[in-house]
$ cat run-v7.tsv   # TSV, C-alpha atoms (C1' of nucleotides)
chain	number	residue	atom	x	y	z
A	268	MET	CA	-15.73	15.76	-6.13
A	269	PRO	CA	-18.09	14.12	-3.67
A	270	SER	CA	-16.74	13.82	-0.16
A	271	ARG	CA	-16.83	10.05	-0.27
A	272	GLN	CA	-14.47	9.97	-3.21
A	273	VAL	CA	-12.12	12.49	-1.69
A	274	VAL	CA	-11.98	10.66	1.59
A	275	ALA	CA	-11.67	7.26	-0.07
A	276	LYS	CA	-8.69	8.58	-1.97
A	277	GLU	CA	-7.00	9.77	1.20
A	278	LEU	CA	-7.71	6.49	2.93
A	279	ALA	CA	-6.31	4.63	-0.03
A	280	GLU	CA	-3.14	6.67	0.27
A	281	ILE	CA	-2.70	5.72	3.91
A	282	PHE	CA	-3.27	2.09	3.06
A	283	GLY	CA	-0.78	2.37	0.25
A	284	ILE	CA	1.87	3.70	2.55
A	285	LEU	CA	1.35	0.87	4.99
A	286	ALA	CA	1.32	-1.66	2.19
A	287	HIS	CA	4.89	-2.73	2.80
A	288	ALA	CA	6.15	-5.29	5.28
A	289	ASP	CA	9.13	-3.14	6.28
A	290	ARG	CA	7.00	-0.11	6.98
A	291	ILE	CA	4.49	-2.12	8.98
A	292	ARG	CA	7.29	-3.46	11.11
A	293	MET	CA	8.61	0.05	11.56
A	294	VAL	CA	5.27	1.29	12.80
A	295	GLU	CA	5.13	-1.58	15.25
A	296	GLU	CA	8.69	-0.99	16.39
A	297	LEU	CA	7.82	2.62	17.11
A	298	ARG	CA	4.69	1.79	19.07
A	299	LEU	CA	6.34	2.39	22.43
A	300	GLY	CA	8.31	5.49	21.55
A	301	GLU	CA	11.05	6.92	19.45
A	302	LYS	CA	13.98	5.14	17.89
A	303	ASP	CA	16.82	6.40	15.75
A	304	VAL	CA	17.55	5.25	12.23
A	305	SER	CA	20.35	2.85	12.99
A	306	SER	CA	18.49	1.12	15.80
A	307	LEU	CA	15.62	0.61	13.44
A	308	ALA	CA	17.91	-0.65	10.72
A	309	ASN	CA	19.50	-2.97	13.23
A	310	VAL	CA	16.27	-4.36	14.62
A	311	LEU	CA	14.76	-4.87	11.20
A	312	GLY	CA	17.88	-6.20	9.57
A	313	LEU	CA	17.83	-3.59	6.80
A	314	GLU	CA	20.38	-1.21	5.32
A	315	THR	CA	20.17	2.36	6.56
A	316	PRO	CA	19.40	3.86	3.15
A	317	ARG	CA	16.34	1.70	2.86
A	318	VAL	CA	15.16	2.57	6.35
A	319	SER	CA	15.77	6.22	5.61
A	320	GLN	CA	13.69	6.04	2.46
A	321	HIS	CA	10.83	4.37	4.25
A	322	LEU	CA	11.00	7.00	6.97
A	323	ARG	CA	10.95	9.73	4.38
A	324	LEU	CA	7.68	8.39	3.04
A	325	LEU	CA	6.18	8.02	6.50
A	326	ARG	CA	7.38	11.49	7.41
A	327	MET	CA	5.99	13.07	4.25
A	328	HIS	CA	2.59	11.70	5.17
A	329	ASN	CA	2.78	12.75	8.78
A	330	ILE	CA	2.79	9.23	10.07
A	331	VAL	CA	6.03	9.77	11.93
A	332	VAL	CA	7.76	12.84	13.33
A	333	GLU	CA	11.49	13.47	13.33
A	334	ARG	CA	13.55	14.84	16.19
A	335	ARG	CA	17.28	15.49	15.73
A	336	GLU	CA	19.77	15.16	18.49
A	337	GLY	CA	23.30	15.67	17.38
A	338	ARG	CA	23.92	13.46	14.41
A	339	ARG	CA	21.14	11.11	15.30
A	340	HIS	CA	17.65	11.34	13.93
A	341	PHE	CA	14.94	10.01	16.19
A	342	TYR	CA	11.50	9.14	14.91
A	343	HIS	CA	8.21	8.54	16.66
A	344	LEU	CA	4.63	7.92	15.59
A	345	THR	CA	2.53	11.03	15.13
A	346	ASN	CA	-0.37	9.10	16.57
A	347	PRO	CA	0.70	6.11	18.66
A	348	ASP	CA	-2.77	4.60	18.26
A	349	MET	CA	-1.85	3.76	14.71
A	350	ALA	CA	0.20	0.77	15.82
A	351	ALA	CA	-2.80	-0.76	17.55
A	352	TRP	CA	-5.00	-0.07	14.58
A	353	VAL	CA	-2.58	-1.74	12.21
A	354	LEU	CA	-2.37	-4.69	14.56
A	355	GLN	CA	-6.13	-4.96	14.46
A	356	GLY	CA	-5.82	-5.77	10.80
A	357	LEU	CA	-4.68	-9.20	11.93
A	358	THR	CA	-8.33	-9.97	12.53
A	359	PHE	CA	-8.81	-10.16	8.82
A	360	ILE	CA	-5.91	-12.35	7.95
A	361	GLU	CA	-6.79	-14.94	10.51
A	362	GLN	CA	-9.65	-15.99	8.32
A	363	ARG	CA	-7.70	-16.26	5.12
A	364	MET	CA	-5.00	-18.40	6.65
A	365	ALA	CA	-3.15	-18.45	3.37
A	366	GLY	CA	0.17	-19.90	4.36
A	367	VAL	CA	0.01	-18.12	7.67
A	368	THR	CA	-0.27	-20.37	10.63
A	369	LYS	CA	-2.35	-19.21	13.55
A	370	SER	CA	0.66	-19.62	15.77
A	371	ASN	CA	2.54	-17.06	13.69
A	372	ILE	CA	-0.28	-14.61	14.08
A	373	LYS	CA	-0.49	-15.22	17.79
A	374	ALA	CA	3.25	-14.80	18.17
A	375	ALA	CA	3.27	-11.52	16.28
A	376	ARG	CA	0.30	-10.24	18.18
A	377	ARG	CA	2.03	-11.06	21.43
A	378	LEU	CA	5.34	-9.49	20.41
A	379	TRP	CA	3.77	-6.30	19.14
A	380	SER	CA	1.57	-5.98	22.18
A	381	GLU	CA	4.35	-6.11	24.74
A	382	GLU	CA	5.03	-2.99	26.74
B	162	MET	CA	11.26	-16.63	8.59
B	163	PRO	CA	10.42	-15.04	11.93
B	164	SER	CA	6.75	-14.78	12.67
B	165	ARG	CA	6.87	-11.02	12.73
B	166	GLN	CA	8.11	-10.86	9.18
B	167	VAL	CA	5.59	-13.39	7.94
B	168	VAL	CA	2.74	-11.58	9.57
B	169	ALA	CA	3.97	-8.16	8.48
B	170	LYS	CA	4.00	-9.44	4.92
B	171	GLU	CA	0.43	-10.66	5.16
B	172	LEU	CA	-0.68	-7.42	6.73
B	173	ALA	CA	1.08	-5.49	4.00
B	174	GLU	CA	-0.82	-7.50	1.42
B	175	ILE	CA	-4.16	-6.61	3.00
B	176	PHE	CA	-3.15	-2.96	3.08
B	177	GLY	CA	-2.09	-3.16	-0.52
B	178	ILE	CA	-5.43	-4.51	-1.59
B	179	LEU	CA	-7.24	-1.73	0.21
B	180	ALA	CA	-4.88	0.86	-1.24
B	181	HIS	CA	-7.30	1.92	-3.93
B	182	ALA	CA	-10.11	4.42	-3.65
B	183	ASP	CA	-12.53	2.29	-5.65
B	184	ARG	CA	-11.94	-0.77	-3.51
B	185	ILE	CA	-12.33	1.21	-0.31
B	186	ARG	CA	-15.63	2.54	-1.52
B	187	MET	CA	-16.70	-0.99	-2.43
B	188	VAL	CA	-15.94	-2.25	1.05
B	189	GLU	CA	-17.96	0.58	2.49
B	190	GLU	CA	-20.82	-0.02	0.09
B	191	LEU	CA	-20.92	-3.63	1.19
B	192	ARG	CA	-20.88	-2.82	4.88
B	193	LEU	CA	-24.60	-3.47	5.29
B	194	GLY	CA	-24.88	-6.57	3.15
B	195	GLU	CA	-24.56	-7.98	-0.29
B	196	LYS	CA	-24.82	-6.18	-3.62
B	197	ASP	CA	-24.50	-7.41	-7.15
B	198	VAL	CA	-21.93	-6.22	-9.65
B	199	SER	CA	-24.13	-3.86	-11.58
B	200	SER	CA	-25.55	-2.14	-8.51
B	201	LEU	CA	-22.02	-1.57	-7.35
B	202	ALA	CA	-20.98	-0.28	-10.75
B	203	ASN	CA	-23.97	2.00	-10.72
B	204	VAL	CA	-23.44	3.37	-7.24
B	205	LEU	CA	-19.75	3.94	-7.78
B	206	GLY	CA	-20.06	5.31	-11.28
B	207	LEU	CA	-17.69	2.74	-12.77
B	208	GLU	CA	-17.85	0.35	-15.70
B	209	THR	CA	-18.75	-3.22	-14.85
B	210	PRO	CA	-15.47	-4.71	-16.11
B	211	ARG	CA	-13.56	-2.54	-13.70
B	212	VAL	CA	-15.81	-3.40	-10.77
B	213	SER	CA	-15.42	-7.02	-11.67
B	214	GLN	CA	-11.65	-6.72	-11.67
B	215	HIS	CA	-11.66	-5.16	-8.24
B	216	LEU	CA	-14.00	-7.84	-6.96
B	217	ARG	CA	-11.75	-10.52	-8.34
B	218	LEU	CA	-8.89	-9.16	-6.29
B	219	LEU	CA	-11.01	-8.87	-3.17
B	220	ARG	CA	-12.37	-12.35	-3.75
B	221	MET	CA	-8.94	-13.89	-4.26
B	222	HIS	CA	-7.92	-12.56	-0.87
B	223	ASN	CA	-11.08	-13.66	0.89
B	224	ILE	CA	-12.17	-10.15	1.62
B	225	VAL	CA	-15.49	-10.71	-0.12
B	226	VAL	CA	-17.57	-13.80	-0.81
B	227	GLU	CA	-19.54	-14.42	-3.95
B	228	ARG	CA	-23.04	-15.83	-4.19
B	229	ARG	CA	-24.61	-16.47	-7.57
B	230	GLU	CA	-28.27	-16.16	-8.24
B	231	GLY	CA	-29.21	-16.70	-11.82
B	232	ARG	CA	-26.98	-14.52	-13.88
B	233	ARG	CA	-26.32	-12.09	-11.10
B	234	HIS	CA	-23.32	-12.31	-8.82
B	235	PHE	CA	-23.83	-11.00	-5.34
B	236	TYR	CA	-20.95	-10.11	-3.11
B	237	HIS	CA	-20.68	-9.53	0.61
B	238	LEU	CA	-17.85	-8.91	3.04
B	239	THR	CA	-16.30	-12.02	4.54
B	240	ASN	CA	-16.00	-10.12	7.78
B	241	PRO	CA	-18.39	-7.17	8.02
B	242	ASP	CA	-16.23	-5.66	10.74
B	243	MET	CA	-13.73	-4.74	8.09
B	244	ALA	CA	-15.79	-1.77	6.95
B	245	ALA	CA	-15.67	-0.27	10.43
B	246	TRP	CA	-11.97	-0.94	10.71
B	247	VAL	CA	-11.27	0.77	7.41
B	248	LEU	CA	-13.37	3.69	8.50
B	249	GLN	CA	-11.30	3.96	11.65
B	250	GLY	CA	-8.36	4.80	9.44
B	251	LEU	CA	-9.93	8.23	9.10
B	252	THR	CA	-8.52	8.97	12.53
B	253	PHE	CA	-5.12	9.19	10.98
B	254	ILE	CA	-5.94	11.41	8.07
B	255	GLU	CA	-7.66	13.98	10.20
B	256	GLN	CA	-4.28	15.02	11.49
B	257	ARG	CA	-2.63	15.35	8.14
B	258	MET	CA	-5.35	17.54	6.72
B	259	ALA	CA	-3.60	17.58	3.37
B	260	GLY	CA	-6.18	19.07	1.11
B	261	VAL	CA	-8.91	17.24	2.94
B	262	THR	CA	-11.31	19.45	4.79
B	263	LYS	CA	-12.67	18.24	8.06
B	264	SER	CA	-16.16	18.62	6.70
B	265	ASN	CA	-15.39	16.10	3.98
B	266	ILE	CA	-14.20	13.62	6.54
B	267	LYS	CA	-17.23	14.17	8.71
B	268	ALA	CA	-19.52	13.76	5.73
B	269	ALA	CA	-17.91	10.50	4.69
B	270	ARG	CA	-17.94	9.20	8.21
B	271	ARG	CA	-21.62	9.99	8.47
B	272	LEU	CA	-22.50	8.42	5.14
B	273	TRP	CA	-20.57	5.24	5.77
B	274	SER	CA	-21.94	4.89	9.26
B	275	GLU	CA	-25.58	4.96	8.27
B	276	GLU	CA	-27.60	1.81	8.75
C	29	DT	C1'	41.46	25.28	11.67
C	30	DT	C1'	41.55	20.87	9.14
C	31	DA	C1'	41.07	15.99	8.94
C	32	DT	C1'	38.32	12.25	9.96
C	33	DC	C1'	34.74	9.27	11.46
C	34	DA	C1'	29.82	8.24	12.28
C	35	DC	C1'	25.13	8.80	11.14
C	36	DA	C1'	21.80	9.74	7.89
C	37	DT	C1'	19.98	11.24	3.56
C	38	DT	C1'	19.63	11.62	-1.30
C	39	DC	C1'	20.52	10.36	-6.10
C	40	DA	C1'	20.49	7.41	-10.20
C	41	DC	C1'	19.16	3.48	-12.42
C	42	DA	C1'	17.38	-1.24	-13.50
C	43	DT	C1'	13.52	-3.93	-12.25
C	44	DT	C1'	9.14	-4.98	-10.86
C	45	DT	C1'	4.37	-4.14	-9.96
C	46	DC	C1'	0.00	-1.57	-10.57
C	47	DT	C1'	-3.30	0.61	-13.37
C	48	DG	C1'	-7.03	1.26	-16.60
C	49	DG	C1'	-9.08	0.63	-21.08
C	50	DA	C1'	-10.83	-2.23	-25.02
C	51	DG	C1'	-12.21	-6.32	-26.76
C	52	DA	C1'	-12.97	-11.27	-26.50
C	53	DT	C1'	-14.99	-14.92	-23.82
C	54	DT	C1'	-17.80	-17.54	-20.62
C	55	DC	C1'	-22.01	-18.37	-18.39
C	56	DT	C1'	-27.01	-18.29	-17.65
C	57	DA	C1'	-31.96	-17.51	-18.44
C	58	DG	C1'	-35.53	-17.59	-21.54
D	164	DC	C1'	-30.04	-19.92	-30.38
D	165	DT	C1'	-30.09	-14.97	-28.53
D	166	DA	C1'	-29.30	-11.43	-25.27
D	167	DG	C1'	-27.67	-9.89	-21.02
D	168	DA	C1'	-24.38	-10.19	-17.16
D	169	DA	C1'	-19.97	-10.77	-15.57
D	170	DT	C1'	-15.42	-12.16	-16.21
D	171	DC	C1'	-11.00	-12.69	-18.41
D	172	DT	C1'	-7.03	-11.36	-21.48
D	173	DC	C1'	-3.80	-8.32	-23.21
D	174	DC	C1'	-0.89	-4.33	-23.16
D	175	DA	C1'	1.09	0.29	-22.80
D	176	DG	C1'	1.82	3.96	-19.44
D	177	DA	C1'	2.58	5.09	-14.59
D	178	DA	C1'	4.26	4.25	-10.10
D	179	DA	C1'	6.85	1.74	-6.50
D	180	DT	C1'	11.05	-1.04	-5.20
D	181	DG	C1'	15.72	-2.11	-4.20
D	182	DT	C1'	20.65	-1.43	-4.63
D	183	DG	C1'	25.01	0.98	-4.68
D	184	DA	C1'	27.28	5.27	-5.00
D	185	DA	C1'	27.53	9.95	-3.75
D	186	DT	C1'	26.48	13.73	-0.68
D	187	DG	C1'	25.31	16.03	3.65
D	188	DT	C1'	25.90	17.10	8.57
D	189	DG	C1'	27.41	16.77	13.37
D	190	DA	C1'	31.03	15.28	16.63
D	191	DT	C1'	35.78	14.50	17.69
D	192	DA	C1'	40.75	14.70	17.49
D	193	DA	C1'	45.03	16.62	15.99
$ encode --input "run-v7.tsv" --output "structure tokens"
Amino acid sequence: MPSRQVVAKELAEIFGILAHADRIRMVEELRLGEKDVSSLANVLGLETPRVSQHLRLLRMHNIVVERREGRRHFYHLTNPDMAAWVLQGLTFIEQRMAGVTKSNIKAARRLWSEE
Amino acid sequence: MPSRQVVAKELAEIFGILAHADRIRMVEELRLGEKDVSSLANVLGLETPRVSQHLRLLRMHNIVVERREGRRHFYHLTNPDMAAWVLQGLTFIEQRMAGVTKSNIKAARRLWSEE
DNA sequence: TTATCACATTCACATTTCTGGAGATTCTAG
DNA sequence: CTAGAATCTCCAGAAATGTGAATGTGATAA
């Protein structure tokens, strides 16, 4: 198969994994460093099983890395730059403006850019 | 709904639309300017109905813009920067290396970076 | 050691969404 | 009207989602 097709397929897979609001928020929550499952669940307002399943997917695709400490499982981004890259995608929703106010975008950009 | 959730949902939608190898290749094919449906179909080795379907999706989400000239429909990227952004995603598959050789990635990067 | 709690993962299942192919339909130029 | 170009419709098979229940593990106490 031509390299373009192979690579496009891989890219599509990455996009597919990030094609979920919960997982996007997880990537952004992990932008500054590791968090354990229950903190994530708490911050995102989700049940632990769901968070765990999302993490499994992210882990299987090497987007996050797990570190165990006692009974807690900490996760961090394999490549912290990914959070910024995802955030850059906001550039392309500003123009569609479909039900998304600019203020919402600004707010999110601000929140996910804080150190 | 908190702005972060709203924005994450929108971002997820963009990612979802790009989560298809054909559509990624289309975005890259359009990086330098407009093309009509049959040229796209030809370049990508797909049937026109399928290309048209993909374009419909991209159009509905303002990722591409249509321009008609006679019986031909030309499409171009709403924001040409998107092609570069998508290409940047390659950064994150280089580390996974799951069945994708580095040479494939380099080749694709080269091809989709040509002017 | 055993019992128990806390944290996390996995399983099973109903539901939803995505996909891709074939054919019908619309639209336009000549 | 005719032919070519592109789009739309329909549907069965595949994949992703979400929820609750069940199962693992590590720490802690008796």
$ calpha_fit_and_write --input "run-v7.tsv" --fixed "chain A" --moving "chain B" --output "PDB file with C-alpha atoms, in the frame of the given file"
ATOM      1  CA  MET B 162     -15.649  15.826  -6.011  1.00  0.00           C
ATOM      2  CA  PRO B 163     -18.021  14.200  -3.537  1.00  0.00           C
ATOM      3  CA  SER B 164     -16.687  13.903  -0.042  1.00  0.00           C
ATOM      4  CA  ARG B 165     -16.792  10.144  -0.155  1.00  0.00           C
ATOM      5  CA  GLN B 166     -14.451  10.025  -3.100  1.00  0.00           C
ATOM      6  CA  VAL B 167     -12.064  12.544  -1.601  1.00  0.00           C
ATOM      7  CA  VAL B 168     -11.917  10.696   1.657  1.00  0.00           C
ATOM      8  CA  ALA B 169     -11.642   7.296  -0.004  1.00  0.00           C
ATOM      9  CA  LYS B 170      -8.651   8.606  -1.914  1.00  0.00           C
ATOM     10  CA  GLU B 171      -6.952   9.794   1.247  1.00  0.00           C
ATOM     11  CA  LEU B 172      -7.678   6.532   2.985  1.00  0.00           C
ATOM     12  CA  ALA B 173      -6.304   4.640   0.018  1.00  0.00           C
ATOM     13  CA  GLU B 174      -3.114   6.656   0.271  1.00  0.00           C
ATOM     14  CA  ILE B 175      -2.665   5.725   3.928  1.00  0.00           C
ATOM     15  CA  PHE B 176      -3.261   2.083   3.074  1.00  0.00           C
ATOM     16  CA  GLY B 177      -0.783   2.322   0.259  1.00  0.00           C
ATOM     17  CA  ILE B 178       1.901   3.653   2.528  1.00  0.00           C
ATOM     18  CA  LEU B 179       1.352   0.843   4.987  1.00  0.00           C
ATOM     19  CA  ALA B 180       1.326  -1.715   2.187  1.00  0.00           C
ATOM     20  CA  HIS B 181       4.895  -2.772   2.786  1.00  0.00           C
ATOM     21  CA  ALA B 182       6.165  -5.298   5.282  1.00  0.00           C
ATOM     22  CA  ASP B 183       9.142  -3.171   6.286  1.00  0.00           C
ATOM     23  CA  ARG B 184       7.009  -0.125   6.965  1.00  0.00           C
ATOM     24  CA  ILE B 185       4.516  -2.135   8.979  1.00  0.00           C
ATOM     25  CA  ARG B 186       7.305  -3.483  11.109  1.00  0.00           C
ATOM     26  CA  MET B 187       8.636   0.046  11.569  1.00  0.00           C
ATOM     27  CA  VAL B 188       5.284   1.283  12.798  1.00  0.00           C
ATOM     28  CA  GLU B 189       5.152  -1.576  15.242  1.00  0.00           C
ATOM     29  CA  GLU B 190       8.706  -0.980  16.386  1.00  0.00           C
ATOM     30  CA  LEU B 191       7.819   2.619  17.100  1.00  0.00           C
ATOM     31  CA  ARG B 192       4.680   1.778  19.026  1.00  0.00           C
ATOM     32  CA  LEU B 193       6.317   2.394  22.398  1.00  0.00           C
ATOM     33  CA  GLY B 194       8.267   5.509  21.529  1.00  0.00           C
ATOM     34  CA  GLU B 195      11.002   6.951  19.439  1.00  0.00           C
ATOM     35  CA  LYS B 196      13.962   5.177  17.861  1.00  0.00           C
ATOM     36  CA  ASP B 197      16.773   6.440  15.721  1.00  0.00           C
ATOM     37  CA  VAL B 198      17.518   5.293  12.199  1.00  0.00           C
ATOM     38  CA  SER B 199      20.331   2.931  13.002  1.00  0.00           C
ATOM     39  CA  SER B 200      18.497   1.173  15.821  1.00  0.00           C
ATOM     40  CA  LEU B 201      15.634   0.623  13.449  1.00  0.00           C
ATOM     41  CA  ALA B 202      17.958  -0.629  10.740  1.00  0.00           C
ATOM     42  CA  ASN B 203      19.534  -2.934  13.258  1.00  0.00           C
ATOM     43  CA  VAL B 204      16.312  -4.329  14.651  1.00  0.00           C
ATOM     44  CA  LEU B 205      14.801  -4.864  11.236  1.00  0.00           C
ATOM     45  CA  GLY B 206      17.930  -6.206   9.614  1.00  0.00           C
ATOM     46  CA  LEU B 207      17.918  -3.604   6.845  1.00  0.00           C
ATOM     47  CA  GLU B 208      20.475  -1.191   5.444  1.00  0.00           C
ATOM     48  CA  THR B 209      20.227   2.364   6.700  1.00  0.00           C
ATOM     49  CA  PRO B 210      19.537   3.893   3.272  1.00  0.00           C
ATOM     50  CA  ARG B 211      16.486   1.718   2.917  1.00  0.00           C
ATOM     51  CA  VAL B 212      15.207   2.534   6.394  1.00  0.00           C
ATOM     52  CA  SER B 213      15.750   6.165   5.626  1.00  0.00           C
ATOM     53  CA  GLN B 214      13.738   5.897   2.434  1.00  0.00           C
ATOM     54  CA  HIS B 215      10.847   4.307   4.255  1.00  0.00           C
ATOM     55  CA  LEU B 216      11.007   6.957   6.948  1.00  0.00           C
ATOM     56  CA  ARG B 217      10.965   9.667   4.340  1.00  0.00           C
ATOM     57  CA  LEU B 218       7.709   8.314   3.000  1.00  0.00           C
ATOM     58  CA  LEU B 219       6.203   7.979   6.454  1.00  0.00           C
ATOM     59  CA  ARG B 220       7.410  11.453   7.335  1.00  0.00           C
ATOM     60  CA  MET B 221       6.006  13.026   4.181  1.00  0.00           C
ATOM     61  CA  HIS B 222       2.599  11.676   5.112  1.00  0.00           C
ATOM     62  CA  ASN B 223       2.794  12.734   8.736  1.00  0.00           C
ATOM     63  CA  ILE B 224       2.768   9.209  10.006  1.00  0.00           C
ATOM     64  CA  VAL B 225       6.010   9.756  11.892  1.00  0.00           C
ATOM     65  CA  VAL B 226       7.695  12.834  13.318  1.00  0.00           C
ATOM     66  CA  GLU B 227      11.400  13.464  13.316  1.00  0.00           C
ATOM     67  CA  ARG B 228      13.467  14.847  16.164  1.00  0.00           C
ATOM     68  CA  ARG B 229      17.162  15.502  15.695  1.00  0.00           C
ATOM     69  CA  GLU B 230      19.683  15.167  18.429  1.00  0.00           C
ATOM     70  CA  GLY B 231      23.210  15.730  17.320  1.00  0.00           C
ATOM     71  CA  ARG B 232      23.768  13.586  14.309  1.00  0.00           C
ATOM     72  CA  ARG B 233      21.072  11.138  15.206  1.00  0.00           C
ATOM     73  CA  HIS B 234      17.542  11.364  13.889  1.00  0.00           C
ATOM     74  CA  PHE B 235      14.875  10.020  16.162  1.00  0.00           C
ATOM     75  CA  TYR B 236      11.454   9.135  14.906  1.00  0.00           C
ATOM     76  CA  HIS B 237       8.166   8.526  16.656  1.00  0.00           C
ATOM     77  CA  LEU B 238       4.602   7.909  15.553  1.00  0.00           C
ATOM     78  CA  THR B 239       2.498  11.019  15.079  1.00  0.00           C
ATOM     79  CA  ASN B 240      -0.397   9.094  16.532  1.00  0.00           C
ATOM     80  CA  PRO B 241       0.684   6.122  18.647  1.00  0.00           C
ATOM     81  CA  ASP B 242      -2.765   4.607  18.254  1.00  0.00           C
ATOM     82  CA  MET B 243      -1.856   3.731  14.715  1.00  0.00           C
ATOM     83  CA  ALA B 244       0.215   0.754  15.814  1.00  0.00           C
ATOM     84  CA  ALA B 245      -2.787  -0.775  17.552  1.00  0.00           C
ATOM     85  CA  TRP B 246      -5.001  -0.076  14.581  1.00  0.00           C
ATOM     86  CA  VAL B 247      -2.579  -1.752  12.208  1.00  0.00           C
ATOM     87  CA  LEU B 248      -2.372  -4.699  14.531  1.00  0.00           C
ATOM     88  CA  GLN B 249      -6.140  -4.978  14.459  1.00  0.00           C
ATOM     89  CA  GLY B 250      -5.838  -5.775  10.784  1.00  0.00           C
ATOM     90  CA  LEU B 251      -4.703  -9.215  11.890  1.00  0.00           C
ATOM     91  CA  THR B 252      -8.354  -9.972  12.519  1.00  0.00           C
ATOM     92  CA  PHE B 253      -8.857 -10.150   8.814  1.00  0.00           C
ATOM     93  CA  ILE B 254      -5.953 -12.352   7.929  1.00  0.00           C
ATOM     94  CA  GLU B 255      -6.829 -14.955  10.490  1.00  0.00           C
ATOM     95  CA  GLN B 256      -9.721 -15.977   8.308  1.00  0.00           C
ATOM     96  CA  ARG B 257      -7.768 -16.265   5.121  1.00  0.00           C
ATOM     97  CA  MET B 258      -5.109 -18.465   6.638  1.00  0.00           C
ATOM     98  CA  ALA B 259      -3.210 -18.462   3.370  1.00  0.00           C
ATOM     99  CA  GLY B 260       0.082 -19.954   4.328  1.00  0.00           C
ATOM    100  CA  VAL B 261      -0.014 -18.163   7.635  1.00  0.00           C
ATOM    101  CA  THR B 262      -0.291 -20.409  10.626  1.00  0.00           C
ATOM    102  CA  LYS B 263      -2.334 -19.238  13.535  1.00  0.00           C
ATOM    103  CA  SER B 264       0.680 -19.636  15.756  1.00  0.00           C
ATOM    104  CA  ASN B 265       2.562 -17.087  13.683  1.00  0.00           C
ATOM    105  CA  ILE B 266      -0.244 -14.619  14.072  1.00  0.00           C
ATOM    106  CA  LYS B 267      -0.461 -15.212  17.785  1.00  0.00           C
ATOM    107  CA  ALA B 268       3.280 -14.796  18.136  1.00  0.00           C
ATOM    108  CA  ALA B 269       3.292 -11.514  16.258  1.00  0.00           C
ATOM    109  CA  ARG B 270       0.327 -10.244  18.177  1.00  0.00           C
ATOM    110  CA  ARG B 271       2.074 -11.068  21.418  1.00  0.00           C
ATOM    111  CA  LEU B 272       5.355  -9.477  20.404  1.00  0.00           C
ATOM    112  CA  TRP B 273       3.784  -6.286  19.145  1.00  0.00           C
ATOM    113  CA  SER B 274       1.563  -5.977  22.170  1.00  0.00           C
ATOM    114  CA  GLU B 275       4.343  -6.069  24.719  1.00  0.00           C
ATOM    115  CA  GLU B 276       5.006  -2.941  26.720  1.00  0.00           C
TER     116      GLU B 276
END
$ atom_distance --input "run-v7.tsv" --atom1 "atom CA of A:Tyr342" --atom2 "atom CA of A:Asp303"
6.0 Å
$ residues_around --input "run-v7.tsv" --residues "stretch 45-53 of chain C" --least-positions-apart "6" --cutoff "9 Å" --atoms "all atoms listed in the file" --output "JSON, numbers by chain"
{"B": [211], "D": [170, 171, 172, 176, 177, 178, 179, 180]}
$ interface_residues --input "run-v7.tsv" --of "chain A" --to "chain D" --cutoff "10 Å" --atoms "all atoms listed in the file" --output "JSON, numbers by chain"
{"A": [314, 316, 317, 336, 337, 338, 339]}
$ residues_around --input "run-v7.tsv" --residues "stretch 294-301 of chain A" --least-positions-apart "6" --cutoff "9 Å" --atoms "all atoms listed in the file" --output "VMD selection string"
chain A and resid 285 307 310 to 311 330 to 331 333 to 334 341 to 344 347 to 351 353 to 354 379 to 380 382
$ atom_distance --input "run-v7.tsv" --atom1 "atom CA of B:Val226" --atom2 "atom CA of A:Gln272"
24.1 Å
$ closest_residue --input "run-v7.tsv" --among "B:Arg184, B:His215, B:Arg229, B:Arg271" --to "C:DT56" --atoms "all atoms listed in the file"
B:Arg229
$ closest_atom_pairs --input "run-v7.tsv" --of "chain C" --to "chain A" --cutoff "12 Å" --atoms "all atoms listed in the file" --output "JSON lines"
{"residue": "C:DC33", "atom": "C1'", "partner": "A:Arg338", "partner_atom": "CA", "distance": 12.0}
{"residue": "C:DA34", "atom": "C1'", "partner": "A:Arg338", "partner_atom": "CA", "distance": 8.2}
{"residue": "C:DC35", "atom": "C1'", "partner": "A:Arg338", "partner_atom": "CA", "distance": 5.8}
{"residue": "C:DA36", "atom": "C1'", "partner": "A:Ser319", "partner_atom": "CA", "distance": 7.3}
{"residue": "C:DT37", "atom": "C1'", "partner": "A:Ser319", "partner_atom": "CA", "distance": 6.9}
{"residue": "C:DT38", "atom": "C1'", "partner": "A:Pro316", "partner_atom": "CA", "distance": 8.9}
{"residue": "C:DC39", "atom": "C1'", "partner": "A:Pro316", "partner_atom": "CA", "distance": 11.4}
{"residue": "C:DC46", "atom": "C1'", "partner": "A:Gly283", "partner_atom": "CA", "distance": 11.5}
$ atom_distance --input "run-v7.tsv" --atom1 "atom C1' of C:DT54" --atom2 "atom CA of B:Ile185"
28.2 Å
$ interface_residues --input "run-v7.tsv" --of "chain A" --to "chain B" --cutoff "9 Å" --atoms "only C-alpha atoms" --output "ChimeraX atom specification"
/A:269-292,328-330,345-346,348-349,352-360,362-363,365,367,370-376,378-379
$ axis_aligned_box --input "run-v7.tsv" --around "stretch 40-55 of chain C" --padding-each-side "4 Å" --output "lines of an AutoDock Vina configuration file"
center_x = -0.8
center_y = -5.5
center_z = -18.4
size_x = 50.5
size_y = 33.8
size_z = 24.8
